[in-house]
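File shown: structure_24.tsv. Contents: TSV, N, CA and C atoms.
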chain	number	residue	atom	x	y	z
A	29	MET	N	1.73	19.24	-6.14
A	29	MET	CA	1.96	17.82	-6.30
A	29	MET	C	0.68	17.16	-6.79
A	30	GLU	N	0.84	16.10	-7.54
A	30	GLU	CA	-0.28	15.33	-8.05
A	30	GLU	C	-0.97	14.60	-6.90
A	31	THR	N	-2.11	13.94	-7.20
A	31	THR	CA	-2.78	13.13	-6.19
A	31	THR	C	-1.85	12.01	-5.75
A	32	PRO	N	-2.05	11.47	-4.54
A	32	PRO	CA	-1.13	10.46	-4.03
A	32	PRO	C	-1.10	9.16	-4.84
A	33	PHE	N	-2.21	8.82	-5.49
A	33	PHE	CA	-2.23	7.61	-6.31
A	33	PHE	C	-3.38	7.69	-7.29
A	34	LYS	N	-3.28	6.88	-8.38
A	34	LYS	CA	-4.41	6.70	-9.28
A	34	LYS	C	-4.42	5.25	-9.72
A	35	ILE	N	-5.61	4.75	-10.05
A	35	ILE	CA	-5.77	3.35	-10.45
A	35	ILE	C	-5.43	3.21	-11.92
A	36	ILE	N	-4.72	2.13	-12.26
A	36	ILE	CA	-4.32	1.83	-13.63
A	36	ILE	C	-5.02	0.56	-14.07
A	37	ASP	N	-5.69	0.59	-15.21
A	37	ASP	CA	-6.27	-0.63	-15.77
A	37	ASP	C	-5.16	-1.47	-16.37
A	38	HIS	N	-5.21	-2.78	-16.16
A	38	HIS	CA	-4.22	-3.70	-16.69
A	38	HIS	C	-4.93	-5.03	-16.95
A	39	THR	N	-4.65	-5.65	-18.08
A	39	THR	CA	-5.31	-6.89	-18.45
A	39	THR	C	-5.22	-7.92	-17.33
A	40	ALA	N	-6.36	-8.36	-16.83
A	40	ALA	CA	-6.49	-9.41	-15.80
A	40	ALA	C	-5.89	-9.04	-14.45
A	41	ASP	N	-5.33	-7.86	-14.33
A	41	ASP	CA	-4.76	-7.39	-13.07
A	41	ASP	C	-5.21	-5.95	-12.87
A	42	ILE	N	-4.69	-5.31	-11.85
A	42	ILE	CA	-4.98	-3.90	-11.61
A	42	ILE	C	-3.72	-3.26	-11.05
A	43	GLY	N	-3.56	-1.98	-11.27
A	43	GLY	CA	-2.37	-1.31	-10.79
A	43	GLY	C	-2.67	0.06	-10.25
A	44	ILE	N	-1.64	0.65	-9.65
A	44	ILE	CA	-1.73	2.03	-9.19
A	44	ILE	C	-0.46	2.78	-9.59
A	45	ALA	N	-0.63	4.04	-9.90
A	45	ALA	CA	0.48	4.96	-10.08
A	45	ALA	C	0.50	5.83	-8.83
A	46	VAL	N	1.61	5.83	-8.11
A	46	VAL	CA	1.69	6.45	-6.79
A	46	VAL	C	2.70	7.60	-6.83
A	47	ASN	N	2.41	8.64	-6.06
A	47	ASN	CA	3.30	9.79	-5.94
A	47	ASN	C	3.56	10.09	-4.47
A	48	GLY	N	4.72	10.68	-4.20
A	48	GLY	CA	5.03	11.13	-2.85
A	48	GLY	C	6.14	12.16	-2.89
A	49	ALA	N	6.10	13.12	-2.00
A	49	ALA	CA	7.15	14.14	-1.94
A	49	ALA	C	8.49	13.50	-1.57
A	50	THR	N	8.43	12.45	-0.74
A	50	THR	CA	9.62	11.70	-0.34
A	50	THR	C	9.39	10.23	-0.65
A	51	LEU	N	10.45	9.46	-0.61
A	51	LEU	CA	10.31	8.01	-0.82
A	51	LEU	C	9.46	7.39	0.30
A	52	GLN	N	9.65	7.86	1.50
A	52	GLN	CA	8.85	7.38	2.64
A	52	GLN	C	7.37	7.66	2.40
A	53	GLN	N	7.03	8.86	1.95
A	53	GLN	CA	5.63	9.19	1.67
A	53	GLN	C	5.10	8.36	0.51
A	54	LEU	N	5.93	8.07	-0.47
A	54	LEU	CA	5.53	7.21	-1.58
A	54	LEU	C	5.09	5.84	-1.06
A	55	PHE	N	5.85	5.26	-0.12
A	55	PHE	CA	5.49	3.96	0.45
A	55	PHE	C	4.17	4.05	1.22
A	56	GLU	N	3.98	5.12	1.98
A	56	GLU	CA	2.72	5.30	2.71
A	56	GLU	C	1.55	5.44	1.73
A	57	ASN	N	1.74	6.23	0.67
A	57	ASN	CA	0.67	6.43	-0.32
A	57	ASN	C	0.38	5.15	-1.10
A	58	ALA	N	1.41	4.33	-1.34
A	58	ALA	CA	1.19	3.05	-2.02
A	58	ALA	C	0.29	2.15	-1.17
A	59	ALA	N	0.50	2.17	0.14
A	59	ALA	CA	-0.34	1.38	1.04
A	59	ALA	C	-1.78	1.90	1.04
A	60	ILE	N	-1.95	3.22	1.04
A	60	ILE	CA	-3.29	3.80	0.96
A	60	ILE	C	-3.95	3.39	-0.35
A	61	GLY	N	-3.20	3.46	-1.44
A	61	GLY	CA	-3.73	3.05	-2.75
A	61	GLY	C	-4.14	1.59	-2.76
A	62	LEU	N	-3.32	0.72	-2.17
A	62	LEU	CA	-3.65	-0.70	-2.09
A	62	LEU	C	-5.00	-0.91	-1.42
A	63	PHE	N	-5.19	-0.31	-0.26
A	63	PHE	CA	-6.44	-0.54	0.47
A	63	PHE	C	-7.63	0.14	-0.18
A	64	ASN	N	-7.39	1.19	-0.97
A	64	ASN	CA	-8.49	1.77	-1.74
A	64	ASN	C	-8.89	0.86	-2.90
A	65	LEU	N	-8.00	0.00	-3.35
A	65	LEU	CA	-8.38	-1.02	-4.34
A	65	LEU	C	-9.29	-2.07	-3.70
A	66	ILE	N	-9.04	-2.38	-2.44
A	66	ILE	CA	-9.73	-3.46	-1.75
A	66	ILE	C	-11.08	-3.03	-1.19
A	67	ILE	N	-11.14	-1.86	-0.59
A	67	ILE	CA	-12.32	-1.48	0.21
A	67	ILE	C	-12.62	0.00	0.06
A	68	ASP	N	-13.86	0.36	0.31
A	68	ASP	CA	-14.25	1.77	0.37
A	68	ASP	C	-13.71	2.32	1.70
A	69	SER	N	-12.60	3.05	1.65
A	69	SER	CA	-11.93	3.48	2.87
A	69	SER	C	-12.73	4.50	3.67
A	70	SER	N	-13.74	5.11	3.07
A	70	SER	CA	-14.55	6.08	3.82
A	70	SER	C	-15.35	5.39	4.93
A	71	THR	N	-15.49	4.07	4.86
A	71	THR	CA	-16.23	3.33	5.89
A	71	THR	C	-15.33	2.84	7.02
A	72	LEU	N	-14.03	3.13	6.93
A	72	LEU	CA	-13.07	2.61	7.91
A	72	LEU	C	-12.84	3.58	9.06
A	73	GLU	N	-12.62	3.01	10.23
A	73	GLU	CA	-12.10	3.74	11.38
A	73	GLU	C	-10.60	3.44	11.42
A	74	ASP	N	-9.87	4.17	12.26
A	74	ASP	CA	-8.43	3.90	12.36
A	74	ASP	C	-7.99	3.74	13.81
A	75	TYR	N	-8.80	3.06	14.60
A	75	TYR	CA	-8.51	2.89	16.03
A	75	TYR	C	-7.66	1.67	16.35
A	76	THR	N	-7.48	0.75	15.40
A	76	THR	CA	-6.65	-0.43	15.63
A	76	THR	C	-5.25	-0.14	15.11
A	77	GLU	N	-4.25	-0.29	15.99
A	77	GLU	CA	-2.86	-0.01	15.63
A	77	GLU	C	-2.12	-1.33	15.46
A	78	TYR	N	-1.35	-1.44	14.36
A	78	TYR	CA	-0.64	-2.68	14.06
A	78	TYR	C	0.77	-2.32	13.59
A	79	PRO	N	1.82	-2.76	14.30
A	79	PRO	CA	3.19	-2.46	13.87
A	79	PRO	C	3.67	-3.45	12.81
A	80	ILE	N	4.43	-2.94	11.85
A	80	ILE	CA	5.04	-3.80	10.83
A	80	ILE	C	6.49	-3.38	10.65
A	81	SER	N	7.37	-4.37	10.57
A	81	SER	CA	8.79	-4.16	10.30
A	81	SER	C	9.18	-5.05	9.13
A	82	ILE	N	9.78	-4.47	8.11
A	82	ILE	CA	10.15	-5.20	6.89
A	82	ILE	C	11.58	-4.84	6.51
A	83	SER	N	12.35	-5.84	6.10
A	83	SER	CA	13.68	-5.63	5.52
A	83	SER	C	13.74	-6.33	4.19
A	84	SER	N	14.50	-5.76	3.26
A	84	SER	CA	14.64	-6.35	1.93
A	84	SER	C	15.98	-5.95	1.33
A	85	THR	N	16.22	-6.36	0.09
A	85	THR	CA	17.53	-6.16	-0.53
A	85	THR	C	17.70	-4.79	-1.19
A	86	ASN	N	16.60	-4.17	-1.62
A	86	ASN	CA	16.67	-2.85	-2.26
A	86	ASN	C	15.30	-2.19	-2.15
A	87	ARG	N	15.19	-0.95	-2.60
A	87	ARG	CA	13.93	-0.23	-2.38
A	87	ARG	C	12.77	-0.79	-3.19
A	88	GLU	N	13.03	-1.32	-4.38
A	88	GLU	CA	11.96	-1.94	-5.16
A	88	GLU	C	11.41	-3.18	-4.44
A	89	SER	N	12.31	-4.03	-3.99
A	89	SER	CA	11.88	-5.22	-3.24
A	89	SER	C	11.22	-4.84	-1.93
A	90	LEU	N	11.72	-3.79	-1.29
A	90	LEU	CA	11.11	-3.34	-0.04
A	90	LEU	C	9.67	-2.89	-0.28
A	91	LEU	N	9.42	-2.18	-1.37
A	91	LEU	CA	8.06	-1.74	-1.68
A	91	LEU	C	7.13	-2.93	-1.89
A	92	ILE	N	7.57	-3.91	-2.68
A	92	ILE	CA	6.74	-5.09	-2.94
A	92	ILE	C	6.53	-5.89	-1.65
A	93	ASP	N	7.59	-6.09	-0.87
A	93	ASP	CA	7.47	-6.84	0.38
A	93	ASP	C	6.55	-6.12	1.37
A	94	TRP	N	6.63	-4.80	1.43
A	94	TRP	CA	5.76	-3.99	2.30
A	94	TRP	C	4.30	-4.18	1.93
A	95	LEU	N	3.99	-4.06	0.66
A	95	LEU	CA	2.60	-4.20	0.21
A	95	LEU	C	2.10	-5.63	0.41
A	96	ASN	N	2.95	-6.61	0.14
A	96	ASN	CA	2.53	-8.01	0.33
A	96	ASN	C	2.35	-8.35	1.81
A	97	GLU	N	3.14	-7.74	2.68
A	97	GLU	CA	2.93	-7.94	4.12
A	97	GLU	C	1.59	-7.36	4.55
A	98	LEU	N	1.23	-6.20	4.01
A	98	LEU	CA	-0.07	-5.60	4.32
A	98	LEU	C	-1.21	-6.49	3.83
A	99	ILE	N	-1.06	-7.07	2.65
A	99	ILE	CA	-2.07	-8.00	2.13
A	99	ILE	C	-2.17	-9.22	3.04
A	100	TYR	N	-1.03	-9.73	3.48
A	100	TYR	CA	-1.00	-10.89	4.39
A	100	TYR	C	-1.75	-10.58	5.69
A	101	VAL	N	-1.46	-9.43	6.29
A	101	VAL	CA	-2.13	-9.06	7.55
A	101	VAL	C	-3.63	-8.93	7.32
A	102	TYR	N	-4.01	-8.35	6.20
A	102	TYR	CA	-5.44	-8.23	5.86
A	102	TYR	C	-6.08	-9.62	5.77
A	103	GLU	N	-5.43	-10.53	5.06
A	103	GLU	CA	-5.98	-11.87	4.86
A	103	GLU	C	-6.03	-12.69	6.14
A	104	VAL	N	-5.00	-12.60	6.97
A	104	VAL	CA	-4.89	-13.45	8.16
A	104	VAL	C	-5.54	-12.83	9.39
A	105	GLU	N	-5.28	-11.55	9.62
A	105	GLU	CA	-5.79	-10.87	10.82
A	105	GLU	C	-7.13	-10.18	10.57
A	106	HIS	N	-7.53	-10.06	9.31
A	106	HIS	CA	-8.78	-9.39	8.93
A	106	HIS	C	-8.81	-7.93	9.37
A	107	ILE	N	-7.65	-7.26	9.19
A	107	ILE	CA	-7.56	-5.83	9.47
A	107	ILE	C	-7.42	-5.10	8.14
A	108	VAL	N	-8.26	-4.10	7.95
A	108	VAL	CA	-8.14	-3.23	6.77
A	108	VAL	C	-7.60	-1.89	7.26
A	109	PHE	N	-6.55	-1.43	6.61
A	109	PHE	CA	-5.84	-0.24	7.08
A	109	PHE	C	-6.27	1.01	6.33
A	110	LYS	N	-6.24	2.11	7.06
A	110	LYS	CA	-6.65	3.41	6.51
A	110	LYS	C	-5.49	4.41	6.52
A	111	ARG	N	-4.59	4.28	7.50
A	111	ARG	CA	-3.54	5.29	7.69
A	111	ARG	C	-2.24	4.60	8.07
A	112	PHE	N	-1.13	5.18	7.63
A	112	PHE	CA	0.18	4.57	7.84
A	112	PHE	C	1.18	5.64	8.26
A	113	THR	N	1.97	5.32	9.27
A	113	THR	CA	3.05	6.21	9.70
A	113	THR	C	4.33	5.39	9.71
A	114	ILE	N	5.19	5.65	8.75
A	114	ILE	CA	6.48	4.96	8.72
A	114	ILE	C	7.42	5.72	9.66
A	115	THR	N	7.90	5.03	10.68
A	115	THR	CA	8.70	5.67	11.72
A	115	THR	C	10.20	5.53	11.48
A	116	ILE	N	10.62	4.47	10.83
A	116	ILE	CA	12.02	4.25	10.47
A	116	ILE	C	12.04	3.85	9.01
A	117	PHE	N	12.93	4.47	8.22
A	117	PHE	CA	12.91	4.20	6.79
A	117	PHE	C	14.30	4.31	6.19
A	118	SER	N	14.66	3.30	5.37
A	118	SER	CA	15.85	3.35	4.52
A	118	SER	C	15.50	2.60	3.24
A	119	ASP	N	16.43	2.51	2.31
A	119	ASP	CA	16.17	1.79	1.05
A	119	ASP	C	15.94	0.29	1.26
A	120	THR	N	16.35	-0.24	2.43
A	120	THR	CA	16.24	-1.68	2.65
A	120	THR	C	15.47	-2.07	3.91
A	121	HIS	N	14.94	-1.10	4.64
A	121	HIS	CA	14.23	-1.41	5.89
A	121	HIS	C	13.20	-0.34	6.20
A	122	LEU	N	12.06	-0.78	6.73
A	122	LEU	CA	11.09	0.18	7.24
A	122	LEU	C	10.39	-0.40	8.45
A	123	GLU	N	9.99	0.50	9.33
A	123	GLU	CA	9.14	0.16	10.46
A	123	GLU	C	7.97	1.12	10.42
A	124	SER	N	6.77	0.57	10.59
A	124	SER	CA	5.57	1.37	10.42
A	124	SER	C	4.53	1.04	11.48
A	125	LEU	N	3.75	2.05	11.82
A	125	LEU	CA	2.53	1.84	12.57
A	125	LEU	C	1.39	2.00	11.58
A	126	CYS	N	0.57	0.98	11.50
A	126	CYS	CA	-0.55	0.96	10.55
A	126	CYS	C	-1.84	1.06	11.37
A	127	PHE	N	-2.74	1.91	10.93
A	127	PHE	CA	-3.98	2.16	11.67
A	127	PHE	C	-5.17	1.79	10.81
A	128	GLY	N	-6.08	1.01	11.40
A	128	GLY	CA	-7.23	0.57	10.61
A	128	GLY	C	-8.34	0.03	11.47
A	129	ASP	N	-9.04	-0.93	10.90
A	129	ASP	CA	-10.29	-1.41	11.46
A	129	ASP	C	-10.37	-2.91	11.19
A	130	PHE	N	-10.94	-3.66	12.12
A	130	PHE	CA	-11.20	-5.07	11.84
A	130	PHE	C	-12.33	-5.16	10.82
A	131	LEU	N	-12.16	-6.03	9.86
A	131	LEU	CA	-13.14	-6.18	8.79
A	131	LEU	C	-14.50	-6.57	9.36
A	132	ASP	N	-15.51	-5.85	8.95
A	132	ASP	CA	-16.89	-6.09	9.37
A	132	ASP	C	-17.76	-6.01	8.12
A	133	ASN	N	-18.24	-7.16	7.68
A	133	ASN	CA	-19.01	-7.21	6.43
A	133	ASN	C	-20.30	-6.40	6.48
A	134	LYS	N	-20.76	-6.06	7.68
A	134	LYS	CA	-21.96	-5.23	7.80
A	134	LYS	C	-21.65	-3.75	7.54
A	135	ARG	N	-20.42	-3.34	7.83
A	135	ARG	CA	-20.04	-1.93	7.67
A	135	ARG	C	-19.16	-1.67	6.46
A	136	HIS	N	-18.44	-2.68	6.00
A	136	HIS	CA	-17.42	-2.47	4.98
A	136	HIS	C	-17.80	-3.14	3.66
A	137	LEU	N	-17.65	-2.42	2.59
A	137	LEU	CA	-17.91	-2.94	1.26
A	137	LEU	C	-16.58	-3.31	0.61
A	138	ILE	N	-16.38	-4.60	0.36
A	138	ILE	CA	-15.18	-5.07	-0.33
A	138	ILE	C	-15.38	-4.85	-1.82
A	139	LYS	N	-14.44	-4.12	-2.44
A	139	LYS	CA	-14.51	-3.85	-3.88
A	139	LYS	C	-13.96	-5.02	-4.69
A	140	ARG	N	-12.84	-5.57	-4.23
A	140	ARG	CA	-12.18	-6.67	-4.96
A	140	ARG	C	-11.15	-7.31	-4.04
A	141	GLU	N	-10.82	-8.53	-4.37
A	141	GLU	CA	-9.73	-9.21	-3.68
A	141	GLU	C	-8.43	-8.89	-4.41
A	142	VAL	N	-7.41	-8.58	-3.66
A	142	VAL	CA	-6.08	-8.36	-4.21
A	142	VAL	C	-5.19	-9.46	-3.65
A	143	LYS	N	-4.59	-10.25	-4.56
A	143	LYS	CA	-3.79	-11.40	-4.13
A	143	LYS	C	-2.36	-11.03	-3.76
A	144	ALA	N	-1.73	-10.16	-4.59
A	144	ALA	CA	-0.31	-9.86	-4.35
A	144	ALA	C	0.14	-8.66	-5.16
A	145	ALA	N	1.12	-7.94	-4.62
A	145	ALA	CA	1.85	-6.94	-5.39
A	145	ALA	C	2.91	-7.68	-6.19
A	146	THR	N	3.13	-7.26	-7.43
A	146	THR	CA	4.05	-7.97	-8.32
A	146	THR	C	5.19	-7.05	-8.78
A	147	TYR	N	6.21	-7.67	-9.34
A	147	TYR	CA	7.32	-6.92	-9.93
A	147	TYR	C	7.03	-6.51	-11.37
A	148	HIS	N	5.92	-6.98	-11.94
A	148	HIS	CA	5.58	-6.67	-13.33
A	148	HIS	C	5.39	-5.16	-13.48
A	149	MET	N	6.13	-4.55	-14.37
A	149	MET	CA	6.08	-3.12	-14.67
A	149	MET	C	6.47	-2.23	-13.49
A	150	LEU	N	7.05	-2.81	-12.43
A	150	LEU	CA	7.42	-2.02	-11.26
A	150	LEU	C	8.48	-0.99	-11.62
A	151	SER	N	8.24	0.23	-11.21
A	151	SER	CA	9.26	1.27	-11.36
A	151	SER	C	9.13	2.24	-10.21
A	152	ILE	N	10.27	2.72	-9.75
A	152	ILE	CA	10.32	3.81	-8.78
A	152	ILE	C	11.26	4.85	-9.37
A	153	THR	N	10.75	6.05	-9.58
A	153	THR	CA	11.55	7.14	-10.15
A	153	THR	C	11.40	8.38	-9.28
A	154	ASN	N	12.31	9.32	-9.48
A	154	ASN	CA	12.13	10.61	-8.82
A	154	ASN	C	12.54	11.73	-9.77
A	155	ASP	N	11.89	12.87	-9.58
A	155	ASP	CA	12.17	14.08	-10.35
A	155	ASP	C	11.90	15.28	-9.45
A	156	SER	N	11.81	16.44	-10.04
A	156	SER	CA	11.62	17.66	-9.24
A	156	SER	C	10.28	17.68	-8.50
A	157	ASP	N	9.32	16.87	-8.93
A	157	ASP	CA	8.02	16.80	-8.26
A	157	ASP	C	7.98	15.76	-7.14
A	158	GLY	N	9.04	14.99	-6.97
A	158	GLY	CA	9.06	13.97	-5.92
A	158	GLY	C	9.29	12.59	-6.49
A	159	PHE	N	8.75	11.60	-5.80
A	159	PHE	CA	8.93	10.20	-6.17
A	159	PHE	C	7.65	9.65	-6.79
A	160	HIS	N	7.83	8.71	-7.71
A	160	HIS	CA	6.70	8.13	-8.44
A	160	HIS	C	6.94	6.63	-8.57
A	161	ALA	N	5.87	5.85	-8.50
A	161	ALA	CA	5.98	4.40	-8.68
A	161	ALA	C	4.76	3.89	-9.42
A	162	THR	N	4.98	2.83	-10.17
A	162	THR	CA	3.89	2.08	-10.81
A	162	THR	C	3.94	0.67	-10.25
A	163	ILE	N	2.80	0.21	-9.75
A	163	ILE	CA	2.72	-1.11	-9.12
A	163	ILE	C	1.52	-1.85	-9.68
A	164	ILE	N	1.74	-3.09	-10.12
A	164	ILE	CA	0.67	-3.95	-10.62
A	164	ILE	C	0.39	-5.03	-9.57
A	165	PHE	N	-0.90	-5.29	-9.35
A	165	PHE	CA	-1.34	-6.29	-8.37
A	165	PHE	C	-2.06	-7.43	-9.08
A	166	ASP	N	-1.82	-8.65	-8.61
A	166	ASP	CA	-2.63	-9.80	-9.03
A	166	ASP	C	-3.97	-9.71	-8.33
A	167	ILE	N	-5.04	-9.91	-9.11
A	167	ILE	CA	-6.37	-9.93	-8.49
A	167	ILE	C	-7.06	-11.24	-8.78
Rewrite the structure from the file as structure tokens, please.
Amino acid sequence: METPFKIIDHTADIGIAVNGATLQQLFENAAIGLFNLIIDSSTLEDYTEYPISISSTNRESLLIDWLNELIYVYEVEHIVFKRFTITIFSDTHLESLCFGDFLDNKRHLIKREVKAATYHMLSITNDSDGFHATIIFDI
């Protein structure tokens, strides 16, 4: 299998191409990719646990809502996440335990601010290698 995600250059925005053996793993890897856009994850601990539950109309909307909820928690609670375990998953609902660290400007290097996951160029596909998604973020 390919790497879980790679960064995509996009005019005035930034994106990731994400892979996963399953759709659930794709969502977990998309979250890892998001936080690797924001912060150097090698400086993070994962001792803070934060539950998230999201419902949406379809899997594309669920992916965008999931990523935007993670951005919201980062902005409001100042938690940067390193690891994700999705415990319940369907095309329209997920429940996850997210593990990370409270933001500490002395220990953590912020690479960039990410405002939102967007529907621009969004795609979720699957083939014999698993699931793949392209996600563009407003920065």
Got a sec: who's within 10 Å of Asn86 of chain A, counting only C-alpha atoms, leaving out chain neighbours fewer than 6 positions off, as number ranges by chain?
A: 118-121
Hey, what does DSSP flag as strand (DSSP E) within chain A? Can you give it to me as number ranges by chain?
A: 33-38, 41-48, 76-83, 107-117, 121-130, 144-145, 151-155, 158-166
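Counting all atoms listed in the file, the residue from A:Ala45, A:Phe33, A:Asp132, A:Gln52 that sits nearest to Ile164 of chain A is A:Ala45.
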Which residue out of A:Phe112, A:Phe130, A:Phe63, A:Phe159 has the minimum interatomic distance to Val46 of chain A when all atoms listed in the file are used?
A:Phe159
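From atom N of Leu122 of chain A back to atom N of Ser84 of chain A, the distance works out to 6.5 Å.
For Asp41 of chain A, the set of protein, DNA and RNA residues having any atom at most 8 Å away, when counting only C-alpha atoms and skipping those fewer than 6 positions along the same chain, is A:Ile164, A:Phe165, A:Asp166, A:Ile167.
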Expressed in Å, the length from atom N of Tyr100 of chain A to atom N of Ser151 of chain A is 20.0 Å
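You can rank A:Tyr75, A:Asn64, A:Leu95, A:Gly158 by their closest distance to Ala144 of chain A using only N, CA and C atoms, and at the top of that list sits A:Leu95.
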Neighbour list for Ala161 of chain A as a list in words, cut-off 10 Å, only C-alpha atoms, skip fewer than 4 positions in-chain:
Phe33, Ile44, Ala45, Val46, Asn47, Gly48, Leu51, Leu54, Phe55, Ala58, Glu88, Leu91, Met149, Leu150, Ser151, Ile152, Thr153 and Asn154 of chain A
Chain A: which residues are helix (DSSP H, G or I) by DSSP, as a PyMOL selection string?
chain A and resi 51-66+69-71+87-105
Would you please work out which residue, of A:Leu62, A:Glu123, A:His160, A:Ile35, is nearest to Ile82 of chain A when using only N, CA and C atoms?
A:Glu123
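Note that the spacing between atom C of Leu98 of chain A and atom N of Ala40 of chain A amounts to 21.4 Å.
Counting only C-alpha atoms, the residue from A:Lys110, A:Arg140, A:Arg135, A:His148 that sits nearest to Ser69 of chain A is A:Lys110.
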Neighbour residues at most 6 Å from (-9.2, 2.2, 11.1) (only C-alpha atoms) as number ranges by chain
A: 72-76, 109-110, 127-129
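Nearest to Thr146 of chain A of all the residues A:Ile163, A:Ile116, A:Ala59, A:Val104 is A:Ile163, based on only N, CA and C atoms.
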